[in-house]
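final_29.cif, holding mmCIF, C-alpha atoms:
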```
data_protein
#
loop_
_atom_site.label_atom_id
_atom_site.label_comp_id
_atom_site.auth_asym_id
_atom_site.auth_seq_id
_atom_site.Cartn_x
_atom_site.Cartn_y
_atom_site.Cartn_z
CA MET A 1 -76.69 9.82 21.71
CA ASN A 2 -75.78 10.23 25.36
CA LEU A 3 -78.94 11.95 26.63
CA GLU A 4 -77.77 12.29 30.21
CA ALA A 5 -74.48 13.91 29.19
CA ILE A 6 -76.24 16.33 26.83
CA GLN A 7 -78.75 17.35 29.49
CA ASN A 8 -76.00 17.86 32.06
CA GLU A 9 -74.21 20.23 29.67
CA LEU A 10 -77.44 22.08 28.90
CA THR A 11 -78.07 22.60 32.60
CA SER A 12 -74.50 23.79 33.17
CA ALA A 13 -74.84 26.26 30.30
CA GLY A 14 -78.16 27.61 31.61
CA LEU A 15 -80.03 26.51 28.49
CA ASP A 16 -83.59 25.19 28.29
CA GLY A 17 -82.69 22.80 25.51
CA TRP A 18 -81.00 22.02 22.20
CA LEU A 19 -83.09 22.21 19.04
CA PHE A 20 -81.92 20.19 16.04
CA PHE A 21 -83.24 20.87 12.56
CA ASP A 22 -82.55 19.48 9.12
CA HIS A 23 -83.67 19.62 5.52
CA HIS A 24 -81.84 17.86 2.68
CA PHE A 25 -78.95 16.81 4.96
CA ARG A 26 -77.76 20.40 5.40
CA ASP A 27 -76.62 19.71 8.98
CA PRO A 28 -74.35 16.65 9.24
CA LEU A 29 -73.55 17.59 12.83
CA ALA A 30 -77.16 16.87 13.85
CA TYR A 31 -76.90 13.32 12.58
CA ARG A 32 -73.57 12.69 14.27
CA VAL A 33 -74.51 14.12 17.67
CA LEU A 34 -77.89 12.36 17.70
CA GLY A 35 -76.55 9.09 16.30
CA LEU A 36 -79.20 9.33 13.59
CA PRO A 37 -78.53 7.35 10.40
CA ALA A 38 -78.24 9.72 7.44
CA VAL A 39 -80.11 7.52 4.97
CA GLY A 40 -83.06 7.85 2.60
CA HIS A 41 -84.74 11.09 1.59
CA VAL A 42 -84.90 14.20 3.76
CA SER A 43 -87.08 16.23 1.47
CA ARG A 44 -89.18 17.67 4.32
CA ARG A 45 -88.13 19.55 7.45
CA TRP A 46 -87.74 17.76 10.74
CA TYR A 47 -87.08 19.09 14.25
CA TYR A 48 -85.82 17.30 17.34
CA PHE A 49 -85.76 18.99 20.74
CA ILE A 50 -83.71 17.82 23.71
CA PRO A 51 -84.86 19.69 26.83
CA ALA A 52 -82.56 20.24 29.78
CA LYS A 53 -84.97 18.07 31.74
CA GLY A 54 -87.40 15.42 30.55
CA LEU A 55 -87.68 13.34 27.42
CA PRO A 56 -86.77 14.57 23.93
CA ARG A 57 -89.47 14.91 21.30
CA GLY A 58 -89.60 15.34 17.56
CA LEU A 59 -91.62 16.97 14.81
CA VAL A 60 -91.76 15.31 11.39
CA HIS A 61 -93.70 15.73 8.17
CA ARG A 62 -96.46 13.29 7.28
CA VAL A 63 -94.70 12.53 3.98
CA GLU A 64 -91.66 11.28 5.96
CA PRO A 65 -93.17 10.22 9.30
CA HIS A 66 -90.42 7.74 10.16
CA GLN A 67 -87.52 10.16 9.81
CA LEU A 68 -86.78 10.21 13.57
CA ASP A 69 -87.89 6.69 14.50
CA ALA A 70 -84.36 5.80 15.59
CA LEU A 71 -84.50 8.45 18.33
CA ARG A 72 -86.22 8.46 21.70
CA GLY A 73 -89.38 10.35 22.52
CA GLU A 74 -92.78 11.24 21.11
CA LYS A 75 -92.98 12.33 17.46
CA MET A 76 -95.55 14.92 16.41
CA LEU A 77 -96.75 15.19 12.80
CA TYR A 78 -97.48 18.12 10.50
CA ALA A 79 -98.21 18.54 6.81
CA ARG A 80 -99.58 22.03 6.04
CA TRP A 81 -97.35 25.03 6.62
CA GLN A 82 -100.07 26.47 8.83
CA GLU A 83 -99.59 23.44 11.13
CA GLN A 84 -95.85 23.74 11.41
CA GLU A 85 -95.57 26.88 13.55
CA PRO A 86 -98.02 25.84 16.31
CA ALA A 87 -96.50 22.35 16.29
CA LEU A 88 -93.02 23.80 16.70
CA ARG A 89 -94.30 25.94 19.58
CA ASP A 90 -95.66 22.80 21.25
CA LEU A 91 -92.40 20.97 20.59
CA LEU A 92 -90.42 23.62 22.45
CA GLY A 93 -92.78 23.36 25.41
CA GLY A 94 -92.26 26.82 26.85
CA ALA A 95 -88.48 26.90 26.41
CA ARG A 96 -87.05 30.40 26.42
CA LYS A 97 -83.38 29.85 25.50
CA VAL A 98 -82.22 27.07 23.19
CA ALA A 99 -79.05 26.16 21.34
CA MET A 100 -79.02 25.56 17.59
CA GLN A 101 -76.34 25.01 14.95
CA TYR A 102 -76.09 28.74 14.47
CA SER A 103 -73.18 31.16 14.81
CA PRO A 104 -73.65 34.92 15.38
CA ARG A 105 -72.27 36.77 12.35
CA CYS A 106 -71.07 33.35 11.10
CA ALA A 107 -68.03 33.69 13.36
CA VAL A 108 -67.71 29.88 13.51
CA PRO A 109 -68.70 28.71 10.00
CA TYR A 110 -68.20 25.06 10.92
CA VAL A 111 -71.38 25.07 13.03
CA ALA A 112 -73.43 27.60 11.04
CA ASN A 113 -75.75 25.03 9.47
CA VAL A 114 -79.16 26.46 10.41
CA ASP A 115 -80.46 28.97 7.87
CA ALA A 116 -81.41 32.49 8.91
CA GLY A 117 -85.09 31.91 8.17
CA THR A 118 -85.35 28.95 10.54
CA ALA A 119 -83.62 30.93 13.28
CA GLU A 120 -86.12 33.75 12.65
CA LEU A 121 -88.99 31.30 12.91
CA VAL A 122 -87.81 30.02 16.28
CA ARG A 123 -87.24 33.56 17.57
CA SER A 124 -90.73 34.55 16.45
CA LEU A 125 -92.03 32.06 19.04
CA GLY A 126 -90.41 34.09 21.83
CA VAL A 127 -87.37 31.81 22.07
CA GLU A 128 -83.80 33.09 22.26
CA VAL A 129 -81.48 31.19 19.90
CA VAL A 130 -77.84 30.83 20.96
CA SER A 131 -74.95 29.07 19.28
CA SER A 132 -74.37 25.37 19.92
CA ALA A 133 -70.66 25.81 19.10
CA GLU A 134 -69.46 24.91 22.61
CA LEU A 135 -71.85 21.94 22.81
CA ILE A 136 -70.73 20.69 19.40
CA GLN A 137 -67.14 20.90 20.58
CA ILE A 138 -67.92 18.82 23.65
CA PHE A 139 -69.81 16.10 21.77
CA GLU A 140 -67.97 16.11 18.45
CA ALA A 141 -64.43 17.44 18.85
CA ARG A 142 -63.31 15.44 21.89
CA TRP A 143 -61.41 12.27 21.15
CA THR A 144 -61.66 8.91 22.84
CA PRO A 145 -58.49 7.15 24.05
CA ALA A 146 -58.83 4.83 21.07
CA GLN A 147 -58.89 7.79 18.68
CA LEU A 148 -55.75 9.20 20.25
CA GLU A 149 -54.00 5.90 19.55
CA LEU A 150 -55.28 5.95 15.96
CA HIS A 151 -53.90 9.48 15.59
CA LEU A 152 -50.51 8.51 16.96
CA GLU A 153 -50.29 5.55 14.59
CA ALA A 154 -51.34 7.79 11.69
CA GLY A 155 -48.53 10.12 12.71
CA ARG A 156 -45.94 7.38 12.64
CA ARG A 157 -47.01 6.37 9.13
CA VAL A 158 -47.23 9.92 7.78
CA ASP A 159 -43.84 10.82 9.26
CA ARG A 160 -42.31 7.79 7.55
CA ILE A 161 -43.89 8.71 4.21
CA ARG A 162 -42.66 12.30 4.58
CA ASP A 163 -39.10 11.05 5.02
CA GLU A 164 -39.50 8.79 1.98
CA ALA A 165 -40.74 11.72 -0.11
CA PHE A 166 -37.77 13.84 0.85
CA GLU A 167 -35.43 10.93 0.07
CA LEU A 168 -37.09 10.57 -3.34
CA ILE A 169 -36.39 14.27 -4.06
CA LYS A 170 -32.82 14.00 -2.79
CA THR A 171 -32.02 10.97 -4.92
CA ALA A 172 -33.52 12.51 -8.05
CA THR A 173 -31.87 15.91 -7.69
CA HIS A 174 -28.46 14.43 -6.91
CA SER A 175 -28.55 12.07 -9.88
CA GLY A 176 -29.97 14.56 -12.35
CA GLN A 177 -33.23 12.65 -12.79
CA SER A 178 -36.34 14.61 -13.70
CA ILE A 179 -38.79 15.13 -10.82
CA ASP A 180 -41.58 17.64 -10.31
CA GLU A 181 -44.12 18.67 -7.67
CA TYR A 182 -46.90 16.51 -9.12
CA GLY A 183 -44.69 13.44 -9.21
CA VAL A 184 -43.89 13.83 -5.51
CA GLN A 185 -47.56 14.37 -4.71
CA GLN A 186 -48.55 11.19 -6.54
CA PHE A 187 -45.78 9.24 -4.80
CA VAL A 188 -47.22 10.32 -1.43
CA MET A 189 -50.77 9.37 -2.46
CA GLN A 190 -49.57 5.92 -3.53
CA ARG A 191 -47.76 5.45 -0.23
CA PHE A 192 -50.86 6.56 1.71
CA GLN A 193 -52.88 3.86 -0.03
CA GLU A 194 -50.22 1.22 0.63
CA ALA A 195 -50.08 2.25 4.30
CA GLY A 196 -53.87 1.89 4.78
CA MET A 197 -54.49 5.63 4.97
CA VAL A 198 -57.03 8.00 3.42
CA THR A 199 -57.15 11.74 2.91
CA ASN A 200 -59.73 14.22 1.65
CA HIS A 201 -57.32 15.84 -0.82
CA PRO A 202 -53.84 15.16 -2.18
CA PRO A 203 -50.96 16.80 -0.28
CA ILE A 204 -49.42 20.17 -1.01
CA VAL A 205 -46.02 19.96 -2.68
CA GLY A 206 -44.80 23.46 -3.50
CA ALA A 207 -41.41 24.54 -4.80
CA ASN A 208 -40.05 28.07 -4.42
CA VAL A 209 -42.77 30.66 -5.22
CA ASN A 210 -45.45 27.95 -5.21
CA ALA A 211 -44.73 27.43 -1.50
CA SER A 212 -46.10 30.95 -1.07
CA ASP A 213 -49.55 29.77 -2.21
CA SER A 214 -51.09 28.50 1.03
CA HIS A 215 -53.41 26.00 -0.70
CA TYR A 216 -51.30 25.24 -3.76
CA SER A 217 -52.15 22.09 -5.70
CA PRO A 218 -49.62 21.03 -8.35
CA PRO A 219 -51.25 20.43 -11.74
CA ALA A 220 -50.85 17.09 -13.48
CA THR A 221 -49.46 18.92 -16.51
CA GLY A 222 -47.03 21.79 -16.17
CA SER A 223 -46.07 21.19 -12.55
CA ALA A 224 -42.87 22.94 -11.47
CA PRO A 225 -39.69 20.84 -11.63
CA ILE A 226 -37.66 20.38 -8.45
CA ARG A 227 -33.93 20.96 -8.90
CA ARG A 228 -30.80 21.67 -6.88
CA GLY A 229 -31.12 25.04 -5.13
CA ASP A 230 -34.90 24.81 -4.76
CA LEU A 231 -37.02 25.23 -1.64
CA VAL A 232 -39.75 22.60 -1.13
CA LEU A 233 -42.80 22.79 1.14
CA LEU A 234 -44.52 19.48 1.93
CA ASP A 235 -47.92 19.54 3.67
CA LEU A 236 -49.34 16.08 4.44
CA TRP A 237 -52.57 15.11 6.15
CA ALA A 238 -54.11 11.65 6.40
CA LYS A 239 -55.85 9.23 8.75
CA LEU A 240 -56.14 5.48 9.11
CA ASP A 241 -58.87 4.01 6.93
CA VAL A 242 -61.11 2.98 9.84
CA PRO A 243 -64.49 4.39 10.96
CA GLU A 244 -63.19 6.35 13.98
CA GLY A 245 -59.92 7.46 12.41
CA VAL A 246 -58.73 11.01 13.07
CA TYR A 247 -56.27 13.05 11.06
CA TYR A 248 -52.59 13.78 11.51
CA ASP A 249 -51.61 17.00 9.69
CA ILE A 250 -48.09 18.37 9.32
CA THR A 251 -46.00 20.73 7.18
CA TRP A 252 -42.23 20.42 6.73
CA MET A 253 -39.69 22.42 4.74
CA ALA A 254 -36.68 21.22 2.73
CA PHE A 255 -33.93 22.79 0.66
CA CYS A 256 -32.23 20.99 -2.20
CA GLY A 257 -28.67 21.92 -1.32
CA ASP A 258 -26.15 22.06 1.48
CA GLU A 259 -26.54 25.72 2.50
CA VAL A 260 -29.98 27.27 2.99
CA PRO A 261 -30.01 30.92 1.81
CA ALA A 262 -30.17 33.38 4.71
CA PRO A 263 -33.58 34.91 3.82
CA MET A 264 -35.19 31.46 3.83
CA ARG A 265 -33.37 30.42 6.98
CA ASP A 266 -34.36 33.60 8.82
CA ALA A 267 -38.00 33.39 7.76
CA PHE A 268 -38.20 29.79 8.92
CA ALA A 269 -36.58 30.66 12.26
CA THR A 270 -39.37 33.22 12.75
CA VAL A 271 -42.20 30.72 12.24
CA VAL A 272 -40.44 28.16 14.46
CA ALA A 273 -40.18 30.72 17.25
CA ALA A 274 -43.85 31.62 16.81
CA ARG A 275 -44.89 27.97 16.84
CA ASP A 276 -42.96 27.35 20.04
CA ALA A 277 -44.51 30.45 21.64
CA GLY A 278 -47.97 29.03 20.91
CA ILE A 279 -47.07 25.62 22.31
CA ARG A 280 -45.72 27.17 25.51
CA PHE A 281 -48.80 29.36 25.91
CA VAL A 282 -51.12 26.35 25.76
CA GLN A 283 -48.95 24.08 27.90
CA GLU A 284 -48.54 26.68 30.65
CA ALA A 285 -52.27 27.39 30.72
CA MET A 286 -53.17 23.70 30.95
CA ALA A 287 -50.65 23.11 33.73
CA ALA A 288 -52.06 26.08 35.68
CA GLY A 289 -55.69 25.06 35.13
CA ARG A 290 -56.36 28.35 33.34
CA THR A 291 -59.10 28.55 30.72
CA ILE A 292 -57.90 29.84 27.37
CA ARG A 293 -59.67 30.36 24.08
CA GLY A 294 -58.72 29.88 20.47
CA PHE A 295 -58.18 33.56 19.69
CA GLU A 296 -55.66 33.87 22.52
CA VAL A 297 -53.39 31.23 21.00
CA ASP A 298 -53.52 33.01 17.66
CA ASP A 299 -52.61 36.27 19.37
CA ALA A 300 -49.60 34.67 21.06
CA VAL A 301 -48.29 33.20 17.81
CA ARG A 302 -48.92 36.21 15.60
CA GLY A 303 -47.55 38.52 18.27
CA CYS A 304 -44.22 36.71 18.03
CA ILE A 305 -44.13 37.10 14.25
CA GLU A 306 -45.16 40.76 14.40
CA SER A 307 -42.48 41.50 17.00
CA ARG A 308 -39.93 40.45 14.37
CA GLY A 309 -41.39 42.79 11.76
CA MET A 310 -42.82 40.01 9.58
CA GLY A 311 -46.54 40.46 10.24
CA SER A 312 -47.30 41.70 6.72
CA PHE A 313 -46.50 38.22 5.34
CA ILE A 314 -49.18 36.45 7.41
CA ARG A 315 -52.12 35.23 5.35
CA HIS A 316 -54.17 32.94 7.58
CA ARG A 317 -55.02 31.90 11.14
CA THR A 318 -52.59 30.05 13.37
CA GLY A 319 -54.38 26.70 13.43
CA HIS A 320 -57.50 24.59 13.09
CA SER A 321 -59.30 21.89 14.99
CA ILE A 322 -58.42 18.31 13.98
CA GLY A 323 -60.76 15.34 14.13
CA ARG A 324 -62.46 12.93 11.77
CA GLU A 325 -62.22 15.79 9.30
CA VAL A 326 -58.85 17.42 8.88
CA HIS A 327 -60.54 20.75 9.64
CA GLY A 328 -62.59 19.69 12.63
CA VAL A 329 -65.43 21.32 14.54
CA GLY A 330 -63.59 22.25 17.74
CA ALA A 331 -61.95 25.57 18.58
CA ASN A 332 -59.70 27.07 15.92
CA MET A 333 -56.62 29.09 16.83
CA ASP A 334 -57.97 32.18 15.18
CA ASN A 335 -58.20 35.89 15.84
CA TYR A 336 -57.26 36.75 12.27
CA GLU A 337 -59.86 35.34 9.87
CA THR A 338 -62.50 35.11 12.62
CA HIS A 339 -62.65 35.75 16.36
CA ASP A 340 -62.92 32.24 17.80
CA ASP A 341 -63.74 32.60 21.49
CA ARG A 342 -64.45 28.92 22.12
CA ARG A 343 -62.63 27.33 25.02
CA ILE A 344 -59.76 24.93 24.45
CA ILE A 345 -61.00 21.81 26.20
CA PRO A 346 -59.32 18.52 27.18
CA TRP A 347 -59.23 15.63 24.72
CA THR A 348 -59.21 17.84 21.67
CA CYS A 349 -56.49 18.37 19.10
CA PHE A 350 -55.57 21.26 16.83
CA SER A 351 -52.77 22.42 14.57
CA ILE A 352 -50.34 25.23 15.22
CA GLU A 353 -49.06 26.24 11.79
CA PRO A 354 -47.60 29.73 11.52
CA ALA A 355 -46.48 30.64 8.02
CA LEU A 356 -44.92 33.48 6.07
CA TYR A 357 -45.78 34.00 2.42
CA LEU A 358 -43.13 36.15 0.78
CA PRO A 359 -42.97 37.23 -2.89
CA ASP A 360 -40.46 34.54 -3.93
CA PHE A 361 -41.07 31.72 -1.45
CA GLY A 362 -43.14 30.64 1.53
CA VAL A 363 -42.31 28.89 4.78
CA ARG A 364 -44.58 27.06 7.19
CA THR A 365 -44.17 24.75 10.15
CA GLU A 366 -47.13 22.71 11.36
CA ILE A 367 -47.56 20.46 14.37
CA ASN A 368 -50.54 18.83 16.07
CA LEU A 369 -51.12 19.71 19.73
CA PHE A 370 -53.26 17.32 21.77
CA VAL A 371 -54.76 18.73 24.97
CA GLU A 372 -55.07 16.38 27.94
CA ASP A 373 -56.68 17.02 31.32
CA HIS A 374 -53.85 19.14 32.73
CA SER A 375 -51.27 19.22 29.96
CA ALA A 376 -50.75 19.43 26.21
CA ARG A 377 -48.34 17.56 23.98
CA VAL A 378 -47.08 17.67 20.42
CA THR A 379 -48.01 14.31 18.92
CA GLY A 380 -45.20 13.99 16.37
CA ARG A 381 -41.74 15.19 15.50
CA MET A 382 -41.04 18.93 15.36
CA GLN A 383 -38.90 20.55 12.71
CA ASN A 384 -36.49 23.26 13.87
CA GLU A 385 -34.34 23.69 10.77
CA PHE A 386 -34.70 23.07 7.06
CA VAL A 387 -34.14 19.50 5.92
CA THR A 388 -31.23 19.73 3.50
CA LEU A 389 -31.40 17.34 0.59
#
```

As structure tokens - that is how I would like this structure written.
Amino acid sequence: MNLEAIQNELTSAGLDGWLFFDHHFRDPLAYRVLGLPAVGHVSRRWYYFIPAKGLPRGLVHRVEPHQLDALRGEKMLYARWQEQEPALRDLLGGARKVAMQYSPRCAVPYVANVDAGTAELVRSLGVEVVSSAELIQIFEARWTPAQLELHLEAGRRVDRIRDEAFELIKTATHSGQSIDEYGVQQFVMQRFQEAGMVTNHPPIVGANVNASDSHYSPPATGSAPIRRGDLVLLDLWAKLDVPEGVYYDITWMAFCGDEVPAPMRDAFATVVAARDAGIRFVQEAMAAGRTIRGFEVDDAVRGCIESRGMGSFIRHRTGHSIGREVHGVGANMDNYETHDDRRIIPWTCFSIEPALYLPDFGVRTEINLFVEDHSARVTGRMQNEFVTL
């Protein structure tokens, strides 16, 4: 935990402090930000308060008095429920406005880890509770230079495996060998393991109408065969199998034939144009030093699709934060599923992945955009046309 950095951000935000709370490991963000080992039992509630000025302090139950021993500051004890409220009041020390892992109307579900009752309890003490979403982004979503290098290396390996998967499909379909979605998925998983990579879920391999299911997972039995004349969507995400590894997450499209049908080609051209509009929007803002927020990127990308009359085939937001989890805790490019008004800040990464889900097929293009101090760059190769197999 970098106490000085946290207190500087609290002061800049006009907050009196940041109140952390947990019970049964319901808030993993608290452990990561505080550098608190998530071990043993957490069967009783604990609180840890970092004031904008002064030393932090904690409140723990007498059954688990050592829960916060790894952290700085005095630890107060309680046992009876009648003790908890006055002890919590003392812990907050007159604070009037504090951040917690709370999100108004659950607009940012990734940080909404404090239950409504606990927020009510804190408010009953005369304390205003605000969302810690921006603070979480600063202390959890930003990458180190070493993590950027791990991401770039992950990208090189994933890109190579993607090419191998497409070559596998091409060879099989040209020679008349049997191949299906599940077989390609398992090939990718084997190659991930051989390349020293891990993922939280097997990749999406969807042919034809299955590519129109945004989170399709081919079944082990009954998976669709892949033949000449088929469209194939391949969505891969993985990271190096090291403690600080961060994900690389891409989607590419292929067609098993020499000539892509016009409806597929036109739909893909639409999502490519929308993707590029989003990239330009972010890059121009960074170069100009202009603050932009996640919902604005989504608006720019969807606006491009809607201008081409294809808005009815949109099913999800433009993109998500990327970090140690493939869906990270930074700003999402979203004004569709939620209104994400968090700032896009330097040293964070997110996907831009516009997609169209039509009745007979789906198309998606996905890149990772890394934001630097005054610029933004795509961290891997970009697809502009179908791969023909």

Carefully work through the PyMOL selection byres ((chain A and resi 367-379) around 10) for this structure and note down the residues it includes, as a PyMOL selection string. chain A and resi 142-143+148+151-152+155-156+247-252+275+278-280+282-290+319-322+344-354+365-366+380-383

Go through the shown structure with the PyMOL selection byres ((chain A and resi 160-166) around 12) and write out the matching residues as a ChimeraX atom specification.
/A:153-159,167-173,179-195,197,203-205,226,231-238,249-256,380-381,386-389

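Across the chains present, the PyMOL selection byres ((chain A and resi 136) around 8) applied to this file returns Leu29, Val33, Val111, Ser132, Ala133, Glu134, Leu135, Gln137, Ile138, Phe139, Glu140, Ala141, Val329 and Gly330 of chain A.
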
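The coordinates place CA of Val42 (chain A) at 23.7 Å from CA of Val129 (chain A).
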
For Arg293 (chain A): contacts at 9 Å, only C-alpha atoms, fewer than 2 positions along chain excluded, given as a ChimeraX atom specification: /A:291,295-297,331-333,340-345

Between CA of His24 (chain A) and CA of Val114 (chain A) lies a distance of 11.9 Å

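If you measure from each of A:Ala5, A:Ala116, A:Val271, A:Ile292 to Thr318 (chain A) using only C-alpha atoms, the closest one turns out to be A:Val271.
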
Need to verify the contact set: Val98 (chain A), 12 Å, all atoms listed in the file, exclusion of same-chain residues closer than 3 positions in sequence. Can you return it as an mmCIF file with C-alpha atoms, in the frame of the given file?
```cif
data_model
loop_
_atom_site.group_PDB
_atom_site.id
_atom_site.type_symbol
_atom_site.label_atom_id
_atom_site.label_comp_id
_atom_site.auth_asym_id
_atom_site.auth_seq_id
_atom_site.Cartn_x
_atom_site.Cartn_y
_atom_site.Cartn_z
ATOM 1 C CA LEU A 10 -77.440 22.080 28.900
ATOM 2 C CA THR A 11 -78.070 22.600 32.600
ATOM 3 C CA ALA A 13 -74.840 26.260 30.300
ATOM 4 C CA GLY A 14 -78.160 27.610 31.610
ATOM 5 C CA LEU A 15 -80.030 26.510 28.490
ATOM 6 C CA ASP A 16 -83.590 25.190 28.290
ATOM 7 C CA GLY A 17 -82.690 22.800 25.510
ATOM 8 C CA TRP A 18 -81.000 22.020 22.200
ATOM 9 C CA LEU A 19 -83.090 22.210 19.040
ATOM 10 C CA PHE A 20 -81.920 20.190 16.040
ATOM 11 C CA TYR A 48 -85.820 17.300 17.340
ATOM 12 C CA PHE A 49 -85.760 18.990 20.740
ATOM 13 C CA ILE A 50 -83.710 17.820 23.710
ATOM 14 C CA PRO A 51 -84.860 19.690 26.830
ATOM 15 C CA ALA A 52 -82.560 20.240 29.780
ATOM 16 C CA LEU A 92 -90.420 23.620 22.450
ATOM 17 C CA GLY A 93 -92.780 23.360 25.410
ATOM 18 C CA GLY A 94 -92.260 26.820 26.850
ATOM 19 C CA ALA A 95 -88.480 26.900 26.410
ATOM 20 C CA GLN A 101 -76.340 25.010 14.950
ATOM 21 C CA TYR A 102 -76.090 28.740 14.470
ATOM 22 C CA ALA A 119 -83.620 30.930 13.280
ATOM 23 C CA VAL A 122 -87.810 30.020 16.280
ATOM 24 C CA ARG A 123 -87.240 33.560 17.570
ATOM 25 C CA LEU A 125 -92.030 32.060 19.040
ATOM 26 C CA GLY A 126 -90.410 34.090 21.830
ATOM 27 C CA VAL A 127 -87.370 31.810 22.070
ATOM 28 C CA GLU A 128 -83.800 33.090 22.260
ATOM 29 C CA VAL A 129 -81.480 31.190 19.900
ATOM 30 C CA VAL A 130 -77.840 30.830 20.960
ATOM 31 C CA SER A 131 -74.950 29.070 19.280
ATOM 32 C CA SER A 132 -74.370 25.370 19.920
ATOM 33 C CA LEU A 135 -71.850 21.940 22.810
#
```

Students should find that CA of Thr144 (chain A) and CA of Gly323 (chain A) are spaced 10.9 Å

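For region 145-147 of chain A, the list of residues within 7 Å, based on only C-alpha atoms and with local chain neighbours fewer than 4 positions off taken out, reads His151, Glu244, Gly245 and Val246 of chain A.
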
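Distances from A:Leu91, A:Ala112, A:Ile6, A:Val63 to Ser43 (chain A) were compared using all atoms listed in the file, and the smallest one belongs to A:Val63.
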
Nearby residues (all atoms listed in the file) at most 12 Å from region 306-309 of chain A, same-chain spacing under 6 positions excluded, as a JSON list (two decimals) with C-alpha atoms, in the coordinates of the input:
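Generated output (selection19.json):
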```
[["chain", "number", "residue", "atom", "x", "y", "z"],
["A", 266, "ASP", "CA", -34.36, 33.60, 8.82],
["A", 267, "ALA", "CA", -38.00, 33.39, 7.76],
["A", 269, "ALA", "CA", -36.58, 30.66, 12.26],
["A", 270, "THR", "CA", -39.37, 33.22, 12.75],
["A", 271, "VAL", "CA", -42.20, 30.72, 12.24],
["A", 273, "ALA", "CA", -40.18, 30.72, 17.25],
["A", 274, "ALA", "CA", -43.85, 31.62, 16.81],
["A", 298, "ASP", "CA", -53.52, 33.01, 17.66],
["A", 299, "ASP", "CA", -52.61, 36.27, 19.37],
["A", 300, "ALA", "CA", -49.60, 34.67, 21.06],
["A", 354, "PRO", "CA", -47.60, 29.73, 11.52],
["A", 356, "LEU", "CA", -44.92, 33.48, 6.07]]
```
